[in-house]
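Asker: Below are the structure tokens for one structure; questions will follow.
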Amino acid sequence: MSDQADSNRIETGQSGKSLFGQLELDMRLMGMVGAFIAIALVFNFFTDGRFITPRNTFNLTVQTVSVAIMATGMVFVIVTRHIDLSVGAVLAIASAMGAMMQARWLPQVVGLEYGNPMIAPLAIVTCLVVGTLIGAFNGWLIGYQGIPAFIVTLGGLLIWRFVGWYVTDGQTIAPLDQNFLVLGGAEGTIGATLSWIICALAVAGAIFALYNARKAKKNHGFPTKPLWAEFTVGGLIVAVIIGYVATLNAYDIPTGKLRRLFEARGDVLPDGYTEAYGLPISVLVLIVVAIAMTMVAKKTRLGKYIFATGGNPDAAELSGINTKLLTVKIFALMGFLSGLSAVIASARLSVHSNDIGTLDELRVIAAAVIGGTALSGGIGTIHGAILGALIMQSLQSGMAMVGVDAPLQNIVVGSVLVFAVWIDIQYRKRLGIKV
Amino acid sequence: MSSNPNTGTPLVELKDISIAFGGVKAVDHVSIDLYPGEVVGLLGHNGAGKSTLIKCLSGAYQKDAGEIVINGEHAEIRNTRDARRYNVETIYQTLALADNLDAASNLFLGRELVTPLGFVDEPAMEAETRKIMGRLNPNFKKFKVPVSALSGGQRQSVAIARAVYFNAKILIMDEPTAALGPHETQMVAELIEELKAQGLGIFLIEHDIHNVMRLCDRAMVMKNGQKVGTVNVNEVTDEDILGMIIMGKKPPQAY
């Protein structure tokens with residue numbers, strides 16, 4: 001009987017949708033995009049138009065990459081009701097091992113000459129392996145030994161950075177390999193032409209994905225949204241992609257730097273020659289990570305199990321999911337991403353110093369939480385976490401540009417974190433979603 | 001003195017099962033069998049050990065002693081994955097649903113349909129879910145929302161669909177009607193009749209004596225971890241069964 005009433009309400013609810021409702025947009029995501037745009041406009045006003053410029057867009061995204069990559073992994077960790085406080089420390093030890101590999105061990109112990117093309121790949125693999133192994137070990141302690149994740153990773157927070165300190169004797173390690181630095185951002189961009197090609201591929205991919213989703217729904221006879229709504233959503237996505245690439249392509253490499261580049265090749269810089277940075281390789285890495293992690297979350301069994309375990313750990317266990325092994329996998333993935341962030345962070349700074357990644361664990365958790373990941377488990381998205389990271393970085397660098405005192409910057413960021421979660425709770429309450 | 005009316009090979013034999021938790025004997029040398037097309041009720045007070053006994057079969061607990069025989073062959077059940085391999089499906093009292101996922105994701109949890117590339121085939125899963133729900137509960141329309149938004153009966157039908165879809169041979173139902181209204185209880189009763197007719201064996205943990213008299217062919221009563229006795233339901237009155245549950249008194253028809 002109650003069945004009947006409920007289903008009636010649902011049916012009428014569907015036909016009575018507002019024009020905006022037919023777009024089937026994620027309102028939470030729209031809210032975050034709105035907040036991000038508002039932040040950008042406010043800072044742009046207070047910096048006399050210096051915030052929304054090609055140059056700052058470039059810097060902002062390059063600075064966001066390392067935290068954003070780790071935030072995608074933190075989504076899985078938090079969705080399964082765990083936490084990882086050790087990501088900054090794991091980043092530091094991975095960075096230390098990678099830096100020692102390229103600046104000390106490979107040249108001095110193995111005997112590879114400086115600049116050997118094998119150095120960068122070996123250093124990168126070192127970072128990734130170190131991160132993955134530590135993550136897997138954390139996962140084993142949590143899943144199989146039953147130690148709470150908070151404790152294991154709080155210990156890790158204290159342990160790993162200082163293991164790194166012993167590895168490097170507390171020294172700052174430089175110079176890093178030239179090929180390695182390409183992953184840092186400004187030292188490695190792909191130029192305007194290649195950026196436009198990637199832009200075209202991205203647009204084609206987005207349209208293909210939308211088309212495929214609609215076709216799949218039709219094949220199974222499920223309701224689809226009206227065609228104009230599909231076109232509006234598609235148009236928005238395409239506009240954002242093209243807008244971002246066009247902005248970066250409008251940012252020219254400074255003349256001094258160009259001259260040095262030409263001199264290094266034995267050429268002279270022609271008068272009036274300009275060249276755009278284009279997409280940084282580190283941003284491409286983030287995009288690849290974002291797509292891969294979204295696929296894992298939505299399209300694989302692993303992703304299904306992560307969300308099921310977060311929603312009801314007992315049910316997952318009773319459904320035959322090996323939740324212990326799942327925990328190891330999730331933390332190993334988190335470790336892998338911390339290792340990847342170690343590559344990008346140390347390449348961006350072009351040195352390894354012992355304080356690299358300090359407080360990153362808090363930025364990463366904050367990014368995931370601002371991005372809508374619920375600490376009670378079962379809820380969270382990859383794109384939300386990346387947007388969360390971008391919002392955090394915008395606030396931080398925007399305030400620095402405006403000249404806000406450093407202590408006040410932290411006060412503002414902390415308040416925003418609490419405020420964002422409060423808004424989220426209110427929003428879910430009004431929709432009647434249990435948190 | 002009456003006896004088991006069934007002949008042939010039982011679907012399941014639980015032989016001399018014991019399990020203890022820190023010195024407390026939750027199940028103490030209990031045996032019961034189940035034949036195709038019959039419903040065996042497991043009765044007793046809270047804490048009598050019936051849920052614990054049945055969890056040894058569903059793989060949630062490990063028995064300390066005894067043997068499980070399925071279709072005449074020794075069965076090794078160490079976890080829920082093993083149990084599923086023997087076509088043992090369980091509908092838990094808590095329903096064991098992931099509240100944040102929709103009906104299709106819950107139905108296929110742990111056994112997702114995948115495309116040739118190894119990705120989860122969401123549309124196919126939803127289509128299959130619509131098919132089976134159309135049979136079990138034609139009023140069910142909420143395929144796109146998390147199951148936390150469903151009523152008790154709707155959640156129950158998702159849990160039942162999960163067991164039925166994967167060709168259960170042996171079905172364990174732990175108080176399937178406890179949280180349901182009269183209309184939904186009727187629906188579950190009809191479903192049990194239908195599954196029986198298809199040749200499934202069903203273990204039914206039940207407190208409501210009327211449901212026992214109506215749905216079960218045989219009933220086994222436990223008290224303090226021990227078996228009081230087994231009766232053929234059509235040979236006894238509800239008074240007899242209540243006497244077994246409350247006093248541990250074995251009527252002459254019991255075996």
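Here, A, B, ... name the chains of the structure tokens in the order displayed, residue numbers run from 1 inside each chain, and ligands are numbered from 1 in the same displayed order.
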Leaving out Lys144 in chain B and any residue of its chain fewer than 2 positions from it, which residues lie within 8 Å of it when counting only C-alpha atoms, given as a list of chain:residue names?
Answerer: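 Surrounding residues, per the criterion: B:Asp102, B:Ala103, B:Lys142, B:Pro146.
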Asker: Please return, as a list in words, all residues of chain A lying within 7 Å of chain B when only C-alpha atoms are considered.
Answerer: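 For chain A, the answer reads Asp3, Gln4, Ser7, Ala216, Lys217, His220, Lys299, Thr300, Arg301, Ala308, Gly311, Asn312, Asp314, Ala315, Leu318, Ser319, Gly320, Ile321 and Gly378 of chain A.
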Asker: Between CA of Ile147 in chain A and CA of His82 in chain A, what distance in Å does the model show, to one decimal?
Answerer: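 Separation between CA of Ile147 in chain A and CA of His82 in chain A: 11.1 Å.
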Asker: What's the 8 Å shell around Arg218 in chain B, counting only C-alpha atoms, without same-chain residues fewer than 2 positions away, as a compact mmCIF listing (two decimals) with all heavy atoms, in the first residue's frame?
Answerer:
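The resulting file, out.txt, is reproduced below:
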# COMPACT_ATOMS: atom_id res chain seq x y z
N GLU B 38 11.10 -28.09 0.86
CA GLU B 38 10.48 -27.98 2.18
C GLU B 38 10.99 -26.75 2.92
O GLU B 38 12.07 -26.22 2.62
CB GLU B 38 10.72 -29.24 3.02
CG GLU B 38 12.10 -29.36 3.60
CD GLU B 38 12.16 -30.39 4.73
OE1 GLU B 38 11.11 -30.76 5.28
OE2 GLU B 38 13.29 -30.80 5.06
N VAL B 39 10.17 -26.30 3.86
CA VAL B 39 10.55 -25.18 4.71
C VAL B 39 10.73 -25.71 6.13
O VAL B 39 9.80 -26.30 6.68
CB VAL B 39 9.48 -24.07 4.70
CG1 VAL B 39 9.89 -22.93 5.62
CG2 VAL B 39 9.25 -23.57 3.29
N VAL B 40 11.93 -25.53 6.67
CA VAL B 40 12.18 -25.96 8.03
C VAL B 40 12.31 -24.73 8.91
O VAL B 40 13.18 -23.88 8.68
CB VAL B 40 13.46 -26.82 8.12
CG1 VAL B 40 13.82 -27.09 9.57
CG2 VAL B 40 13.27 -28.12 7.35
N GLY B 41 11.43 -24.62 9.90
CA GLY B 41 11.49 -23.50 10.81
C GLY B 41 12.53 -23.74 11.90
O GLY B 41 12.67 -24.86 12.38
N CYS B 216 5.76 -23.41 7.57
CA CYS B 216 6.79 -24.43 7.72
C CYS B 216 6.23 -25.84 7.57
O CYS B 216 5.08 -26.11 7.93
CB CYS B 216 7.46 -24.32 9.09
SG CYS B 216 8.31 -22.76 9.30
N MET B 220 12.35 -27.05 14.02
CA MET B 220 13.32 -27.52 14.99
C MET B 220 13.41 -26.44 16.07
O MET B 220 13.53 -25.26 15.76
CB MET B 220 14.67 -27.71 14.31
CG MET B 220 15.67 -28.52 15.11
SD MET B 220 16.80 -27.51 16.04
CE MET B 220 17.98 -27.09 14.77
N THR B 230 12.65 -31.95 16.95
CA THR B 230 12.11 -31.56 15.65
C THR B 230 10.72 -32.16 15.53
O THR B 230 10.48 -33.29 15.97
CB THR B 230 13.01 -32.11 14.53
OG1 THR B 230 14.34 -31.70 14.78
CG2 THR B 230 12.58 -31.55 13.18
N VAL B 231 9.78 -31.38 14.95
CA VAL B 231 8.43 -31.89 14.78
C VAL B 231 7.97 -31.68 13.34
O VAL B 231 8.46 -30.79 12.66
CB VAL B 231 7.42 -31.19 15.72
CG1 VAL B 231 7.71 -31.52 17.17
CG2 VAL B 231 7.45 -29.68 15.50
N ASN B 232 7.05 -32.53 12.90
CA ASN B 232 6.35 -32.25 11.65
C ASN B 232 5.19 -31.32 12.00
O ASN B 232 4.33 -31.69 12.82
CB ASN B 232 5.83 -33.54 11.03
CG ASN B 232 6.97 -34.50 10.73
OD1 ASN B 232 8.10 -34.07 10.47
ND2 ASN B 232 6.67 -35.78 10.80
N VAL B 233 5.15 -30.16 11.40
CA VAL B 233 4.23 -29.13 11.86
C VAL B 233 2.77 -29.57 11.78
O VAL B 233 1.97 -29.24 12.64
CB VAL B 233 4.47 -27.81 11.05
CG1 VAL B 233 3.37 -26.80 11.33
CG2 VAL B 233 5.83 -27.22 11.40
Asker: May I ask for the distance between CA of Ile291 in chain A and CA of Met74 in chain A, given in Å to one decimal place?
Answerer: 15.5 Å
Asker: So that I can check the surroundings of Leu325 in chain A, please list as a ChimeraX atom specification every protein, DNA and RNA residue that reaches within 12 Å of it, counting only C-alpha atoms and ignoring chain neighbours fewer than 6 positions away.
Answerer: /A:136-145,302,305-306,309,317,331-332
Asker: Do you know which residues are at most 8 Å from Arg363 in chain A counting only C-alpha atoms, after dropping those on the same chain fewer than 2 positions away, and could you put them as a list in words?
Answerer: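 Near neighbours after the sequence-gap exclusion: Val67, Leu359, Asp360, Glu361, Ile365, Ala366, Ala367, Ala389 and Met392 of chain A.
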Asker: Got time to write the residues from that selection, N, CA and C atoms, as a compact mmCIF listing (two decimals), in the first residue's frame?
Answerer:
# COMPACT_ATOMS: atom_id res chain seq x y z
N VAL A 67 48.45 18.36 -4.63
CA VAL A 67 47.40 18.10 -3.63
C VAL A 67 46.19 17.43 -4.31
N LEU A 359 52.23 19.48 6.04
CA LEU A 359 50.80 19.84 6.17
C LEU A 359 49.96 19.45 4.95
N ASP A 360 50.58 18.73 3.99
CA ASP A 360 49.80 18.31 2.82
C ASP A 360 48.64 17.39 3.22
N GLU A 361 48.85 16.56 4.27
CA GLU A 361 47.77 15.65 4.67
C GLU A 361 46.51 16.44 4.99
N ILE A 365 43.01 16.22 2.88
CA ILE A 365 41.75 15.84 3.53
C ILE A 365 40.72 16.96 3.36
N ALA A 366 41.18 18.20 3.54
CA ALA A 366 40.27 19.34 3.39
C ALA A 366 39.72 19.40 1.97
N ALA A 367 40.57 19.15 0.97
CA ALA A 367 40.12 19.19 -0.43
C ALA A 367 39.03 18.14 -0.66
N ALA A 389 40.34 20.87 -4.12
CA ALA A 389 41.76 21.25 -4.08
C ALA A 389 41.97 22.60 -4.76
N MET A 392 40.71 25.41 -2.49
CA MET A 392 41.68 25.65 -1.41
C MET A 392 42.87 26.46 -1.91
Asker: To one decimal place, how far is CA of Val369 in chain A from CA of Val42 in chain A in Å?
Answerer: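 About the pair CA of Val369 in chain A and CA of Val42 in chain A: they are 23.0 Å apart.
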Asker: Return as a PyMOL selection string the full set of residues in range 146-240 of chain B whose backbone-based DSSP assignment is alpha helix (DSSP H).
Answerer: chain B and resi 152-165+182-197+209-215+238-240
Asker: Using only C-alpha atoms, which of A:Leu154, A:Leu201, A:Met295, A:Ile78 sits nearest Leu375 in chain A?
Answerer: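 Among A:Leu154, A:Leu201, A:Met295, A:Ile78, it is A:Ile78 that comes nearest to Leu375 in chain A.
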Asker: Might you pull out every residue within 12 Å of Lys196 in chain B, with only C-alpha atoms counted and same-chain residues fewer than 5 positions away left off, and present them as a list of chain:residue names?
Answerer: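 Close residues of Lys196 in chain B: B:Tyr35, B:Pro36, B:Gly37, B:Glu38, B:Val39, B:Val40, B:Val164, B:Ala168, B:Lys169, B:Ile170, B:Leu171, B:Ala189, B:Glu190, B:Leu191, B:Gly201, B:Ile202, B:Phe203, B:Leu215, B:Cys216, B:Asp217.
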Asker: How would the residues just chosen look if you wrote them out with N, CA and C atoms as a PDB file, in the first residue's frame?
Answerer:
ATOM      1  N   TYR B  35      15.395 -30.834   3.131  1.00  0.00           N
ATOM      2  CA  TYR B  35      15.170 -31.523   1.857  1.00  0.00           C
ATOM      3  C   TYR B  35      14.649 -30.530   0.817  1.00  0.00           C
ATOM      4  N   PRO B  36      14.785 -30.878  -0.472  1.00  0.00           N
ATOM      5  CA  PRO B  36      14.298 -29.977  -1.519  1.00  0.00           C
ATOM      6  C   PRO B  36      12.797 -29.752  -1.381  1.00  0.00           C
ATOM      7  N   GLY B  37      12.361 -28.535  -1.567  1.00  0.00           N
ATOM      8  CA  GLY B  37      10.939 -28.231  -1.564  1.00  0.00           C
ATOM      9  C   GLY B  37      10.306 -28.213  -0.194  1.00  0.00           C
ATOM     10  N   GLU B  38      11.103 -28.093   0.858  1.00  0.00           N
ATOM     11  CA  GLU B  38      10.483 -27.981   2.177  1.00  0.00           C
ATOM     12  C   GLU B  38      10.995 -26.746   2.920  1.00  0.00           C
ATOM     13  N   VAL B  39      10.170 -26.301   3.865  1.00  0.00           N
ATOM     14  CA  VAL B  39      10.554 -25.180   4.707  1.00  0.00           C
ATOM     15  C   VAL B  39      10.730 -25.707   6.132  1.00  0.00           C
ATOM     16  N   VAL B  40      11.929 -25.528   6.668  1.00  0.00           N
ATOM     17  CA  VAL B  40      12.184 -25.961   8.031  1.00  0.00           C
ATOM     18  C   VAL B  40      12.311 -24.731   8.915  1.00  0.00           C
ATOM     19  N   VAL B 164      17.198 -14.748  -4.767  1.00  0.00           N
ATOM     20  CA  VAL B 164      16.498 -15.535  -5.773  1.00  0.00           C
ATOM     21  C   VAL B 164      17.200 -15.461  -7.120  1.00  0.00           C
ATOM     22  N   ALA B 168      19.498 -19.640  -5.987  1.00  0.00           N
ATOM     23  CA  ALA B 168      19.712 -20.279  -4.700  1.00  0.00           C
ATOM     24  C   ALA B 168      19.088 -21.658  -4.716  1.00  0.00           C
ATOM     25  N   LYS B 169      19.783 -22.637  -4.133  1.00  0.00           N
ATOM     26  CA  LYS B 169      19.191 -23.962  -3.930  1.00  0.00           C
ATOM     27  C   LYS B 169      18.759 -24.074  -2.474  1.00  0.00           C
ATOM     28  N   ILE B 170      19.558 -23.413  -1.627  1.00  0.00           N
ATOM     29  CA  ILE B 170      19.309 -23.451  -0.193  1.00  0.00           C
ATOM     30  C   ILE B 170      19.164 -22.003   0.258  1.00  0.00           C
ATOM     31  N   LEU B 171      18.015 -21.675   0.801  1.00  0.00           N
ATOM     32  CA  LEU B 171      17.762 -20.293   1.172  1.00  0.00           C
ATOM     33  C   LEU B 171      17.603 -20.187   2.682  1.00  0.00           C
ATOM     34  N   ALA B 189       5.010 -14.414   2.171  1.00  0.00           N
ATOM     35  CA  ALA B 189       4.454 -15.757   2.331  1.00  0.00           C
ATOM     36  C   ALA B 189       4.202 -16.402   0.970  1.00  0.00           C
ATOM     37  N   GLU B 190       3.637 -15.625   0.053  1.00  0.00           N
ATOM     38  CA  GLU B 190       3.370 -16.155  -1.288  1.00  0.00           C
ATOM     39  C   GLU B 190       4.671 -16.525  -1.991  1.00  0.00           C
ATOM     40  N   LEU B 191       5.682 -15.678  -1.769  1.00  0.00           N
ATOM     41  CA  LEU B 191       6.974 -15.929  -2.402  1.00  0.00           C
ATOM     42  C   LEU B 191       7.579 -17.228  -1.882  1.00  0.00           C
ATOM     43  N   GLY B 201      15.135 -25.510  -0.887  1.00  0.00           N
ATOM     44  CA  GLY B 201      14.986 -25.799   0.532  1.00  0.00           C
ATOM     45  C   GLY B 201      15.174 -24.502   1.300  1.00  0.00           C
ATOM     46  N   ILE B 202      14.295 -24.265   2.285  1.00  0.00           N
ATOM     47  CA  ILE B 202      14.362 -22.984   2.997  1.00  0.00           C
ATOM     48  C   ILE B 202      14.477 -23.209   4.503  1.00  0.00           C
ATOM     49  N   PHE B 203      15.493 -22.625   5.110  1.00  0.00           N
ATOM     50  CA  PHE B 203      15.567 -22.527   6.563  1.00  0.00           C
ATOM     51  C   PHE B 203      14.942 -21.202   6.964  1.00  0.00           C
ATOM     52  N   LEU B 215       3.691 -21.512   7.347  1.00  0.00           N
ATOM     53  CA  LEU B 215       4.703 -21.589   6.301  1.00  0.00           C
ATOM     54  C   LEU B 215       5.593 -22.828   6.366  1.00  0.00           C
ATOM     55  N   CYS B 216       5.762 -23.405   7.569  1.00  0.00           N
ATOM     56  CA  CYS B 216       6.790 -24.435   7.721  1.00  0.00           C
ATOM     57  C   CYS B 216       6.229 -25.839   7.567  1.00  0.00           C
ATOM     58  N   ASP B 217       7.050 -26.747   7.031  1.00  0.00           N
ATOM     59  CA  ASP B 217       6.710 -28.163   6.984  1.00  0.00           C
ATOM     60  C   ASP B 217       7.186 -28.850   8.252  1.00  0.00           C
TER      61      ASP B 217
END
Asker: Which neighbours of Lys215 in chain A fall inside 12 Å, counting only C-alpha atoms, when residues of the same chain fewer than 6 positions from it are skipped, and could you give them as a count of residues only?
Answerer: 8
Asker: Enumerate, as JSON, numbers by chain, the complete set of residues in range 37-241 of chain B that a backbone-based DSSP assignment places in strand (DSSP E or B).
Answerer: {"B": [39, 40, 41, 42, 43, 65, 66, 67, 68, 69, 70, 73, 74, 88, 89, 90, 91, 102, 114, 120, 146, 170, 171, 172, 173, 174, 201, 202, 203, 204, 205, 218, 219, 220, 221, 222, 223, 226, 227, 228, 229, 230, 231, 232]}
Asker: Considering only C-alpha atoms, can you say which of A:Ile159, A:Val33, A:Leu227, A:Met401 comes closest to Val240 in chain A?
Answerer: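 Looking at the shortest contact to Val240 in chain A, the residue is A:Val33.
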